[in-house]
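Participant: Okay, so here is protein36.tsv, and as you'll see once you scroll down, it has TSV, C-alpha atoms.
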chain	number	residue	atom	x	y	z
P	1	MET	CA	76.10	32.02	89.55
P	2	GLN	CA	76.03	35.61	88.39
P	3	ALA	CA	72.89	36.11	86.29
P	4	LEU	CA	70.53	39.01	85.55
P	5	GLY	CA	72.78	41.34	87.51
P	6	LYS	CA	72.70	39.41	90.76
P	7	VAL	CA	73.81	36.17	92.31
P	8	ARG	CA	71.20	33.61	91.35
P	9	PRO	CA	71.21	30.07	92.77
P	10	LEU	CA	70.91	27.43	90.07
P	11	SER	CA	69.81	24.60	92.30
P	12	PHE	CA	67.17	23.93	94.89
P	13	ASP	CA	68.85	25.50	97.92
P	14	GLY	CA	65.69	26.77	99.56
P	15	GLY	CA	66.51	30.36	98.73
P	16	ALA	CA	69.23	30.45	101.35
P	17	GLY	CA	71.78	31.76	98.89
P	18	ALA	CA	74.49	29.59	100.43
P	19	ALA	CA	77.87	29.43	98.75
P	20	PRO	CA	78.24	26.47	96.38
P	21	LEU	CA	80.24	23.46	97.45
P	22	ALA	CA	82.29	23.85	94.29
P	23	SER	CA	82.34	26.28	91.38
P	24	SER	CA	84.11	25.95	88.05
P	25	ALA	CA	84.59	29.73	88.00
P	26	ALA	CA	87.04	29.44	90.90
P	27	THR	CA	89.44	27.24	88.88
P	28	PRO	CA	91.22	27.27	85.47
P	29	TRP	CA	88.44	24.98	84.12
P	30	ILE	CA	87.47	26.16	80.61
P	31	GLY	CA	84.65	23.68	80.07
P	32	VAL	CA	80.94	24.33	80.42
P	33	PRO	CA	80.46	26.35	83.64
P	34	PHE	CA	78.78	24.71	86.61
P	35	GLU	CA	78.34	24.75	90.37
P	36	LEU	CA	77.77	22.03	92.95
P	37	HIS	CA	75.14	22.84	95.57
P	38	ALA	CA	73.81	21.20	98.70
P	39	THR	CA	70.01	21.01	98.58
P	40	ARG	CA	67.78	22.27	101.36
P	41	PRO	CA	64.05	21.88	102.03
P	42	VAL	CA	61.86	24.25	100.06
P	43	GLU	CA	58.31	25.24	100.93
P	44	GLY	CA	56.55	27.89	98.85
P	45	ASP	CA	56.80	29.00	95.24
P	46	ARG	CA	60.29	29.69	93.90
P	47	ASP	CA	61.62	30.63	90.46
P	48	SER	CA	64.57	28.37	89.63
P	49	GLY	CA	64.84	29.13	85.90
P	50	PRO	CA	67.96	30.29	84.06
P	51	PRO	CA	68.44	33.77	82.55
P	52	PRO	CA	66.97	34.60	79.10
P	53	GLY	CA	68.53	32.78	76.16
P	54	GLU	CA	70.16	30.11	78.28
P	55	GLN	CA	69.38	26.64	79.59
P	56	THR	CA	70.31	24.90	82.79
P	57	ALA	CA	70.90	21.19	83.37
P	58	LEU	CA	70.49	19.91	86.93
P	59	VAL	CA	72.03	16.55	87.86
P	60	VAL	CA	71.58	14.88	91.23
P	61	ILE	CA	75.01	13.71	92.41
P	62	GLU	CA	74.19	12.42	95.89
P	63	GLY	CA	71.13	11.86	98.08
P	64	SER	CA	67.48	11.74	97.12
P	65	MET	CA	64.58	14.16	97.29
P	66	ASP	CA	60.93	14.63	96.39
P	67	VAL	CA	60.33	17.65	94.19
P	68	VAL	CA	56.95	19.22	93.47
P	69	LEU	CA	56.77	21.45	90.38
P	70	ARG	CA	53.86	23.49	89.08
P	71	GLU	CA	53.58	22.51	85.41
P	72	ARG	CA	50.89	24.01	83.17
P	73	GLY	CA	48.54	24.70	86.00
P	74	ARG	CA	48.96	21.50	87.99
P	75	ASP	CA	51.33	20.21	90.66
P	76	VAL	CA	53.50	17.24	89.66
P	77	ARG	CA	55.63	15.27	92.10
P	78	TYR	CA	58.98	13.77	91.08
P	79	ARG	CA	61.38	11.52	92.95
P	80	SER	CA	65.00	12.46	92.20
P	81	SER	CA	67.99	10.28	93.02
P	82	PRO	CA	71.66	10.10	91.87
P	83	GLY	CA	71.77	10.35	88.08
P	84	SER	CA	68.42	12.15	87.72
P	85	LEU	CA	68.61	14.93	85.13
P	86	SER	CA	66.28	17.85	84.48
P	87	LEU	CA	66.59	20.62	81.89
P	88	HIS	CA	65.30	24.15	82.39
P	89	ALA	CA	64.84	26.95	79.84
P	90	HIS	CA	63.98	30.56	80.66
P	91	ASP	CA	60.86	30.77	78.49
P	92	ASP	CA	59.44	27.38	79.47
P	93	ARG	CA	60.00	26.72	83.13
P	94	PRO	CA	57.81	25.43	85.94
P	95	VAL	CA	57.43	26.95	89.39
P	96	LEU	CA	59.24	25.13	92.17
P	97	ARG	CA	56.68	24.43	94.92
P	98	ARG	CA	58.35	22.08	97.35
P	99	VAL	CA	61.51	20.07	97.99
P	100	THR	CA	61.91	17.47	100.71
P	101	GLY	CA	65.00	15.40	101.31
P	102	SER	CA	68.62	16.41	100.86
P	103	GLY	CA	71.58	15.79	98.63
P	104	LYS	CA	73.96	17.43	96.19
P	105	ILE	CA	72.98	18.82	92.78
P	106	MET	CA	75.27	19.95	89.99
P	107	ALA	CA	73.87	22.95	88.13
P	108	VAL	CA	75.30	23.30	84.61
P	109	ARG	CA	74.79	26.61	82.83
P	110	ILE	CA	74.41	25.91	79.10
P	111	SER	CA	75.02	29.21	77.35
P	112	GLN	CA	74.19	29.74	73.70
P	113	THR	CA	77.89	29.45	72.89
P	114	TRP	CA	78.17	25.99	74.44
P	115	HIS	CA	74.86	24.91	72.94
P	116	GLU	CA	76.08	25.80	69.45
P	117	ARG	CA	79.11	23.56	69.94
P	118	VAL	CA	76.89	20.47	70.07
P	119	LEU	CA	74.47	21.39	67.28
P	120	GLN	CA	76.27	19.32	64.63
P	121	GLY	CA	74.41	16.20	63.55
P	122	GLY	CA	70.81	17.06	64.34
P	123	ALA	CA	70.72	18.42	67.88
P	124	PRO	CA	67.81	20.82	68.46
P	125	ALA	CA	68.42	24.55	68.03
P	126	ARG	CA	67.06	24.88	71.55
P	127	PHE	CA	65.38	22.55	73.97
P	128	SER	CA	62.38	22.96	76.20
P	129	TYR	CA	61.86	22.11	79.84
P	130	GLN	CA	62.42	18.46	80.64
P	131	PRO	CA	61.27	17.26	84.09
P	132	PRO	CA	63.48	15.12	86.36
P	133	ALA	CA	64.21	11.86	84.54
P	134	PRO	CA	64.86	8.41	86.01
P	135	PRO	CA	68.45	7.89	87.20
P	136	ASP	CA	71.10	7.43	84.52
P	137	GLU	CA	74.45	6.13	85.72
P	138	THR	CA	76.34	7.52	82.70
P	139	ILE	CA	75.06	11.04	83.35
P	140	ARG	CA	75.97	10.71	87.01
P	141	SER	CA	79.46	9.42	86.17
P	142	LEU	CA	80.16	12.25	83.72
P	143	ALA	CA	78.83	14.87	86.13
P	144	THR	CA	80.82	13.39	89.02
P	145	ALA	CA	84.00	13.41	86.90
P	146	MET	CA	83.45	17.10	86.16
P	147	CYS	CA	82.96	17.87	89.86
P	148	THR	CA	86.04	15.87	90.83
P	149	GLU	CA	88.18	17.70	88.28
P	150	VAL	CA	87.04	21.11	89.54
P	151	THR	CA	87.41	20.30	93.23
P	152	ARG	CA	91.02	19.30	92.48
P	153	GLY	CA	91.67	22.65	90.81
P	154	ALA	CA	91.26	21.47	87.18
P	155	PRO	CA	94.80	20.02	86.91
P	156	ASN	CA	94.25	18.10	83.66
P	157	GLY	CA	94.06	21.15	81.41
P	158	ALA	CA	91.93	22.57	78.65
P	159	LEU	CA	91.61	19.51	76.42
P	160	PHE	CA	90.30	17.39	79.29
P	161	ALA	CA	87.81	20.08	80.34
P	162	GLU	CA	86.52	20.48	76.78
P	163	SER	CA	86.33	16.76	76.10
P	164	LEU	CA	84.47	16.04	79.33
P	165	SER	CA	82.07	18.94	78.78
P	166	LEU	CA	81.31	17.87	75.21
P	167	ALA	CA	80.80	14.28	76.32
P	168	PHE	CA	78.35	15.40	79.00
P	169	LEU	CA	76.42	17.79	76.74
P	170	SER	CA	76.32	15.35	73.82
P	171	TYR	CA	75.01	12.55	76.03
P	172	VAL	CA	72.33	14.87	77.40
P	173	MET	CA	71.30	16.05	73.92
P	174	GLU	CA	71.14	12.52	72.56
P	175	ARG	CA	68.56	11.68	75.19
P	176	LEU	CA	66.14	14.46	74.30
P	177	PRO	CA	63.00	12.66	73.08
P	178	SER	CA	62.40	14.84	70.03
P	179	ALA	CA	65.88	15.13	68.54
P	180	PRO	CA	67.94	12.03	67.89
P	181	MET	CA	71.45	12.96	66.83
P	182	ARG	CA	73.20	11.33	63.91
P	183	VAL	CA	76.81	11.86	63.04
P	184	ARG	CA	77.71	11.54	59.39
P	185	GLY	CA	81.00	11.49	57.54
P	186	ALA	CA	84.53	10.51	58.46
P	187	LEU	CA	87.93	12.12	58.78
P	188	SER	CA	89.89	12.00	55.54
P	189	GLU	CA	93.44	10.66	55.40
P	190	ASP	CA	94.71	14.23	55.05
P	191	GLN	CA	92.72	15.35	58.10
P	192	LYS	CA	94.04	12.42	60.16
P	193	ARG	CA	97.64	13.22	59.21
P	194	ARG	CA	97.13	16.92	59.89
P	195	VAL	CA	95.70	16.29	63.36
P	196	ALA	CA	98.36	13.70	64.27
P	197	ARG	CA	101.17	16.01	63.14
P	198	TYR	CA	99.68	18.97	65.02
P	199	VAL	CA	99.50	16.93	68.23
P	200	GLU	CA	103.07	15.62	67.88
P	201	GLU	CA	104.41	19.14	67.38
P	202	ARG	CA	102.57	20.51	70.40
P	203	LEU	CA	102.73	17.78	73.02
P	204	HIS	CA	103.99	20.35	75.53
P	205	ASP	CA	101.04	22.72	74.86
P	206	ASP	CA	97.56	22.67	76.37
P	207	VAL	CA	95.79	22.08	73.04
P	208	THR	CA	91.98	22.15	72.88
P	209	VAL	CA	89.34	20.18	71.02
P	210	THR	CA	88.34	23.41	69.29
P	211	GLU	CA	91.87	23.81	67.89
P	212	LEU	CA	91.95	20.26	66.58
P	213	ALA	CA	88.45	20.52	65.12
P	214	ALA	CA	89.37	23.76	63.35
P	215	LEU	CA	92.17	21.92	61.51
P	216	CYS	CA	89.46	19.80	59.90
P	217	GLY	CA	86.87	22.55	59.46
P	218	LEU	CA	84.47	20.85	61.88
P	219	GLN	CA	82.54	21.74	65.00
P	220	ALA	CA	84.03	20.36	68.19
P	221	ARG	CA	81.30	17.84	69.01
P	222	HIS	CA	81.19	16.38	65.51
P	223	PHE	CA	84.99	16.23	65.36
P	224	SER	CA	85.20	14.43	68.73
P	225	THR	CA	82.86	11.69	67.51
P	226	LEU	CA	84.69	11.21	64.21
P	227	PHE	CA	88.05	11.31	65.99
P	228	ARG	CA	87.01	8.49	68.31
P	229	GLN	CA	85.87	6.43	65.32
P	230	VAL	CA	89.29	6.81	63.66
P	231	PHE	CA	91.69	6.70	66.61
P	232	GLY	CA	89.67	4.49	68.95
P	233	ARG	CA	89.81	6.94	71.86
P	234	SER	CA	88.91	10.50	72.76
P	235	PRO	CA	91.15	13.43	71.73
P	236	TYR	CA	92.18	13.87	75.36
P	237	ARG	CA	93.17	10.22	75.77
P	238	TYR	CA	95.05	10.29	72.44
P	239	VAL	CA	97.10	13.33	73.47
P	240	ILE	CA	97.92	11.79	76.86
P	241	ASP	CA	99.01	8.53	75.22
P	242	ARG	CA	101.23	10.38	72.74
P	243	ARG	CA	102.80	12.36	75.59
P	244	LEU	CA	103.49	9.12	77.44
P	245	ALA	CA	105.07	7.55	74.36
P	246	ARG	CA	107.35	10.57	74.00
P	247	GLY	CA	108.10	10.44	77.72
P	248	ALA	CA	109.07	6.77	77.52
P	249	LYS	CA	111.59	7.58	74.78
P	250	LEU	CA	113.02	10.48	76.75
P	251	LEU	CA	113.42	8.34	79.86
P	252	VAL	CA	115.64	5.99	77.87
P	253	SER	CA	117.52	8.38	75.62
P	254	SER	CA	117.92	11.76	77.30
P	255	GLY	CA	118.73	11.00	80.90
P	256	SER	CA	116.37	13.78	82.01
P	257	ASP	CA	114.70	13.39	85.37
P	258	VAL	CA	111.01	12.65	85.73
P	259	ASP	CA	110.07	16.16	86.86
P	260	ALA	CA	111.67	17.78	83.82
P	261	ILE	CA	110.07	15.32	81.41
P	262	ALA	CA	106.64	15.70	83.00
P	263	LEU	CA	106.65	19.48	82.83
P	264	GLY	CA	108.21	19.47	79.36
P	265	LEU	CA	105.36	17.31	78.07
P	266	GLY	CA	102.60	19.48	79.48
P	267	PHE	CA	101.59	17.42	82.51
P	268	SER	CA	100.37	19.44	85.48
P	269	SER	CA	102.83	17.71	87.80
P	270	ALA	CA	105.27	14.81	88.07
P	271	SER	CA	102.67	12.89	90.09
P	272	HIS	CA	100.14	13.25	87.27
P	273	PHE	CA	102.70	12.00	84.76
P	274	THR	CA	103.63	9.09	87.03
P	275	ALA	CA	100.00	8.05	87.53
P	276	GLU	CA	99.28	8.10	83.80
P	277	PHE	CA	102.56	6.33	83.00
P	278	ARG	CA	101.79	3.54	85.46
P	279	ARG	CA	98.34	3.11	83.91
P	280	ALA	CA	99.82	2.78	80.41
P	281	TYR	CA	103.07	0.88	81.10
P	282	GLY	CA	102.38	-0.96	84.34
P	283	THR	CA	105.35	0.57	86.12
P	284	THR	CA	106.63	3.95	87.28
P	285	PRO	CA	108.77	6.18	85.04
P	286	ARG	CA	111.83	5.72	87.28
P	287	ARG	CA	111.56	1.94	87.25
P	288	TYR	CA	111.02	2.01	83.49
P	289	SER	CA	114.17	4.08	83.08
P	290	ARG	CA	116.24	1.79	85.34
P	291	GLN	CA	115.01	-1.34	83.54
P	292	ALA	CA	115.92	0.19	80.18
P	293	VAL	CA	119.45	0.87	81.42
P	294	ILE	CA	119.84	-2.71	82.64
P	295	VAL	CA	118.55	-4.16	79.37
P	296	GLY	CA	120.72	-1.81	77.34
Can you turn what I pasted into structure tokens?
Facilitator:
Amino acid sequence: MQALGKVRPLSFDGGAGAAPLASSAATPWIGVPFELHATRPVEGDRDSGPPPGEQTALVVIEGSMDVVLRERGRDVRYRSSPGSLSLHAHDDRPVLRRVTGSGKIMAVRISQTWHERVLQGGAPARFSYQPPAPPDETIRSLATAMCTEVTRGAPNGALFAESLSLAFLSYVMERLPSAPMRVRGALSEDQKRRVARYVEERLHDDVTVTELAALCGLQARHFSTLFRQVFGRSPYRYVIDRRLARGAKLLVSSGSDVDAIALGLGFSSASHFTAEFRRAYGTTPRRYSRQAVIVG
């Protein structure tokens, strides 16, 4: 990634400066920025810390490796495997001494702006270096979902990118040993109606979590948690379900073709709409439309 005026690798690539396997900057992804790197053997001291004022989260996606870090004057060996997470801050970072083994690591650049979005509810104002932790399947699943979305060109839009990024960052923050996060409060009836009406009026738009949170005067992370408590699903899933419900009505009443309905409801493509429709209704949009005609 571009940092401190030069291209700076954010993962253990042995200093080779190889191009990342995937980069969020190359797509319309508006979530937390990240890159996916292939690891290479490292021998000799290397600085792998982020630029001043920022933090980096490294998640092992595939493979396994032994990592030796110089921490407070002594060498410490860690075994990293899929789901292992480490956090790095500019002012409190170890020296990378050695890496053996190979795999893929996702390097997430947590800027101050993104950090502030998850401060609600007791998250630390900043975090310190956290060494590679034991594997966590949830962290790996969230990181893998982010990588998959970016490698596909980020087709699911802004709300999905934001929701996935906030879920990842919130899960990471909740696991910091010194800062348990507690979410207080609830959405009022007026806030629920306001959000639901806003979504219904803008089903064709690429709405964001930040927009919805602003309707309630809340930060995005806090809003996402309260929204799930009220609606039983994430903001992204709620919007998709409401689009599908509108699409089902249009299939029966308007006679529009699937492509027109999909694009009119903000789906990236007819295939995306069809896949989501099949998940929700157990059949394709065209079959649903034909069955409605027969029943009618």
Participant: I need every residue sitting at most 12 Å from the point (85.1, 14.9, 88.3) (coordinates as in the file, only C-alpha atoms considered), written as a count of residues only.
Facilitator: 30
Participant: Check the smallest atom-to-atom distance from each of P:Gly255, P:Pro33, P:Gly247, P:Gly185 to His222 of chain P using all atoms listed in the file, then report the winner.
Facilitator: P:Gly185
Participant: To one decimal place, how far is atom CA of Ala38 of chain P from atom CA of Tyr78 of chain P in Å?
Facilitator: 18.3 Å
Participant: Grab the atom CA of Ala196 of chain P to atom CA of Thr274 of chain P distance for me, in Å with one decimal place.
Facilitator: 23.8 Å
Participant: Using all atoms listed in the file, find the one residue out of P:Arg287, P:Arg237, P:His204, P:Arg72 that sits nearest to Gly266 of chain P.
Facilitator: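 Nearest to Gly266 of chain P: P:His204.
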Participant: Might you pull out every residue within 10 Å of Glu162 of chain P, with all atoms listed in the file counted and same-chain residues fewer than 4 positions away left off, and present them as a list in words?
Facilitator: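 Once the nearby chain positions are removed, what remains is Trp29, Ile30, Gly31, Val32, Gly157, Ala158, Leu166, Ala167, Phe168, Thr208, Val209, Thr210, Ala220, Arg221, Pro235 and Tyr236 of chain P.
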Participant: Identify, on the basis of only C-alpha atoms, every residue whose closest approach to Ala213 of chain P does not exceed 12 Å; exclude the query and any residue fewer than 2 positions from it along the same chain; express the result as a ChimeraX atom specification.
Facilitator: /P:117,159,162-163,187,191-192,194-195,198,207-211,215-227,235
Participant: Rounded to one decimal, what separation in Å do you get between atom CA of Ala245 of chain P and atom CA of Ala214 of chain P?
Facilitator: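 These atoms are spaced 25.1 Å apart.
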Participant: Would you mind putting back N, CA and C atoms on segment 129-160 of chain P, then writing it out as a PDB file, keeping the file's coordinate frame?
Facilitator:
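Written out: out.pdb:
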ATOM      1  N   TYR P 129      61.780  22.685  78.498  1.00  0.00           N
ATOM      2  CA  TYR P 129      61.860  22.110  79.840  1.00  0.00           C
ATOM      3  C   TYR P 129      61.653  20.603  79.795  1.00  0.00           C
ATOM      4  N   GLN P 130      62.533  19.900  80.484  1.00  0.00           N
ATOM      5  CA  GLN P 130      62.420  18.460  80.640  1.00  0.00           C
ATOM      6  C   GLN P 130      62.406  18.146  82.128  1.00  0.00           C
ATOM      7  N   PRO P 131      61.357  17.517  82.650  1.00  0.00           N
ATOM      8  CA  PRO P 131      61.270  17.260  84.090  1.00  0.00           C
ATOM      9  C   PRO P 131      62.305  16.244  84.544  1.00  0.00           C
ATOM     10  N   PRO P 132      62.511  16.101  85.851  1.00  0.00           N
ATOM     11  CA  PRO P 132      63.480  15.120  86.360  1.00  0.00           C
ATOM     12  C   PRO P 132      63.250  13.733  85.795  1.00  0.00           C
ATOM     13  N   ALA P 133      64.298  13.171  85.194  1.00  0.00           N
ATOM     14  CA  ALA P 133      64.210  11.860  84.540  1.00  0.00           C
ATOM     15  C   ALA P 133      64.667  10.776  85.506  1.00  0.00           C
ATOM     16  N   PRO P 134      64.355   9.515  85.184  1.00  0.00           N
ATOM     17  CA  PRO P 134      64.860   8.410  86.010  1.00  0.00           C
ATOM     18  C   PRO P 134      66.390   8.426  86.037  1.00  0.00           C
ATOM     19  N   PRO P 135      66.984   7.868  87.074  1.00  0.00           N
ATOM     20  CA  PRO P 135      68.450   7.890  87.200  1.00  0.00           C
ATOM     21  C   PRO P 135      69.154   7.284  86.005  1.00  0.00           C
ATOM     22  N   ASP P 136      70.264   7.903  85.612  1.00  0.00           N
ATOM     23  CA  ASP P 136      71.100   7.430  84.520  1.00  0.00           C
ATOM     24  C   ASP P 136      72.535   7.420  85.026  1.00  0.00           C
ATOM     25  N   GLU P 137      73.127   6.241  85.126  1.00  0.00           N
ATOM     26  CA  GLU P 137      74.450   6.130  85.720  1.00  0.00           C
ATOM     27  C   GLU P 137      75.511   6.819  84.888  1.00  0.00           C
ATOM     28  N   THR P 138      75.353   6.849  83.543  1.00  0.00           N
ATOM     29  CA  THR P 138      76.340   7.520  82.700  1.00  0.00           C
ATOM     30  C   THR P 138      76.338   9.015  82.964  1.00  0.00           C
ATOM     31  N   ILE P 139      75.153   9.609  83.051  1.00  0.00           N
ATOM     32  CA  ILE P 139      75.060  11.040  83.350  1.00  0.00           C
ATOM     33  C   ILE P 139      75.693  11.339  84.700  1.00  0.00           C
ATOM     34  N   ARG P 140      75.391  10.500  85.675  1.00  0.00           N
ATOM     35  CA  ARG P 140      75.970  10.710  87.010  1.00  0.00           C
ATOM     36  C   ARG P 140      77.498  10.587  86.961  1.00  0.00           C
ATOM     37  N   SER P 141      78.019   9.609  86.240  1.00  0.00           N
ATOM     38  CA  SER P 141      79.460   9.420  86.170  1.00  0.00           C
ATOM     39  C   SER P 141      80.149  10.602  85.503  1.00  0.00           C
ATOM     40  N   LEU P 142      79.569  11.103  84.399  1.00  0.00           N
ATOM     41  CA  LEU P 142      80.160  12.250  83.720  1.00  0.00           C
ATOM     42  C   LEU P 142      80.112  13.489  84.603  1.00  0.00           C
ATOM     43  N   ALA P 143      78.966  13.713  85.250  1.00  0.00           N
ATOM     44  CA  ALA P 143      78.830  14.870  86.130  1.00  0.00           C
ATOM     45  C   ALA P 143      79.787  14.775  87.312  1.00  0.00           C
ATOM     46  N   THR P 144      79.917  13.585  87.890  1.00  0.00           N
ATOM     47  CA  THR P 144      80.820  13.390  89.020  1.00  0.00           C
ATOM     48  C   THR P 144      82.272  13.634  88.596  1.00  0.00           C
ATOM     49  N   ALA P 145      82.632  13.184  87.390  1.00  0.00           N
ATOM     50  CA  ALA P 145      84.000  13.410  86.900  1.00  0.00           C
ATOM     51  C   ALA P 145      84.278  14.905  86.748  1.00  0.00           C
ATOM     52  N   MET P 146      83.289  15.660  86.282  1.00  0.00           N
ATOM     53  CA  MET P 146      83.450  17.100  86.160  1.00  0.00           C
ATOM     54  C   MET P 146      83.644  17.740  87.536  1.00  0.00           C
ATOM     55  N   CYS P 147      82.835  17.330  88.501  1.00  0.00           N
ATOM     56  CA  CYS P 147      82.960  17.870  89.860  1.00  0.00           C
ATOM     57  C   CYS P 147      84.311  17.529  90.469  1.00  0.00           C
ATOM     58  N   THR P 148      84.746  16.294  90.279  1.00  0.00           N
ATOM     59  CA  THR P 148      86.040  15.870  90.830  1.00  0.00           C
ATOM     60  C   THR P 148      87.173  16.690  90.239  1.00  0.00           C
ATOM     61  N   GLU P 149      87.131  16.919  88.932  1.00  0.00           N
ATOM     62  CA  GLU P 149      88.180  17.700  88.280  1.00  0.00           C
ATOM     63  C   GLU P 149      88.240  19.114  88.842  1.00  0.00           C
ATOM     64  N   VAL P 150      87.082  19.731  89.045  1.00  0.00           N
ATOM     65  CA  VAL P 150      87.040  21.110  89.540  1.00  0.00           C
ATOM     66  C   VAL P 150      87.463  21.196  91.000  1.00  0.00           C
ATOM     67  N   THR P 151      87.026  20.258  91.820  1.00  0.00           N
ATOM     68  CA  THR P 151      87.410  20.300  93.230  1.00  0.00           C
ATOM     69  C   THR P 151      88.919  20.092  93.411  1.00  0.00           C
ATOM     70  N   ARG P 152      89.569  19.473  92.427  1.00  0.00           N
ATOM     71  CA  ARG P 152      91.020  19.300  92.480  1.00  0.00           C
ATOM     72  C   ARG P 152      91.775  20.468  91.862  1.00  0.00           C
ATOM     73  N   GLY P 153      91.033  21.485  91.396  1.00  0.00           N
ATOM     74  CA  GLY P 153      91.670  22.650  90.810  1.00  0.00           C
ATOM     75  C   GLY P 153      91.889  22.557  89.328  1.00  0.00           C
ATOM     76  N   ALA P 154      91.171  21.651  88.641  1.00  0.00           N
ATOM     77  CA  ALA P 154      91.260  21.470  87.180  1.00  0.00           C
ATOM     78  C   ALA P 154      92.691  21.243  86.719  1.00  0.00           C
ATOM     79  N   PRO P 155      93.387  20.209  87.260  1.00  0.00           N
ATOM     80  CA  PRO P 155      94.800  20.020  86.910  1.00  0.00           C
ATOM     81  C   PRO P 155      95.046  19.420  85.538  1.00  0.00           C
ATOM     82  N   ASN P 156      94.017  18.839  84.902  1.00  0.00           N
ATOM     83  CA  ASN P 156      94.250  18.100  83.660  1.00  0.00           C
ATOM     84  C   ASN P 156      94.161  18.951  82.395  1.00  0.00           C
ATOM     85  N   GLY P 157      93.925  20.245  82.544  1.00  0.00           N
ATOM     86  CA  GLY P 157      94.060  21.150  81.410  1.00  0.00           C
ATOM     87  C   GLY P 157      92.829  21.321  80.541  1.00  0.00           C
ATOM     88  N   ALA P 158      93.028  22.132  79.494  1.00  0.00           N
ATOM     89  CA  ALA P 158      91.930  22.570  78.650  1.00  0.00           C
ATOM     90  C   ALA P 158      91.305  21.437  77.845  1.00  0.00           C
ATOM     91  N   LEU P 159      92.136  20.572  77.276  1.00  0.00           N
ATOM     92  CA  LEU P 159      91.610  19.510  76.420  1.00  0.00           C
ATOM     93  C   LEU P 159      90.717  18.571  77.218  1.00  0.00           C
ATOM     94  N   PHE P 160      91.111  18.259  78.436  1.00  0.00           N
ATOM     95  CA  PHE P 160      90.300  17.390  79.290  1.00  0.00           C
ATOM     96  C   PHE P 160      88.984  18.067  79.622  1.00  0.00           C
TER      97      PHE P 160
END
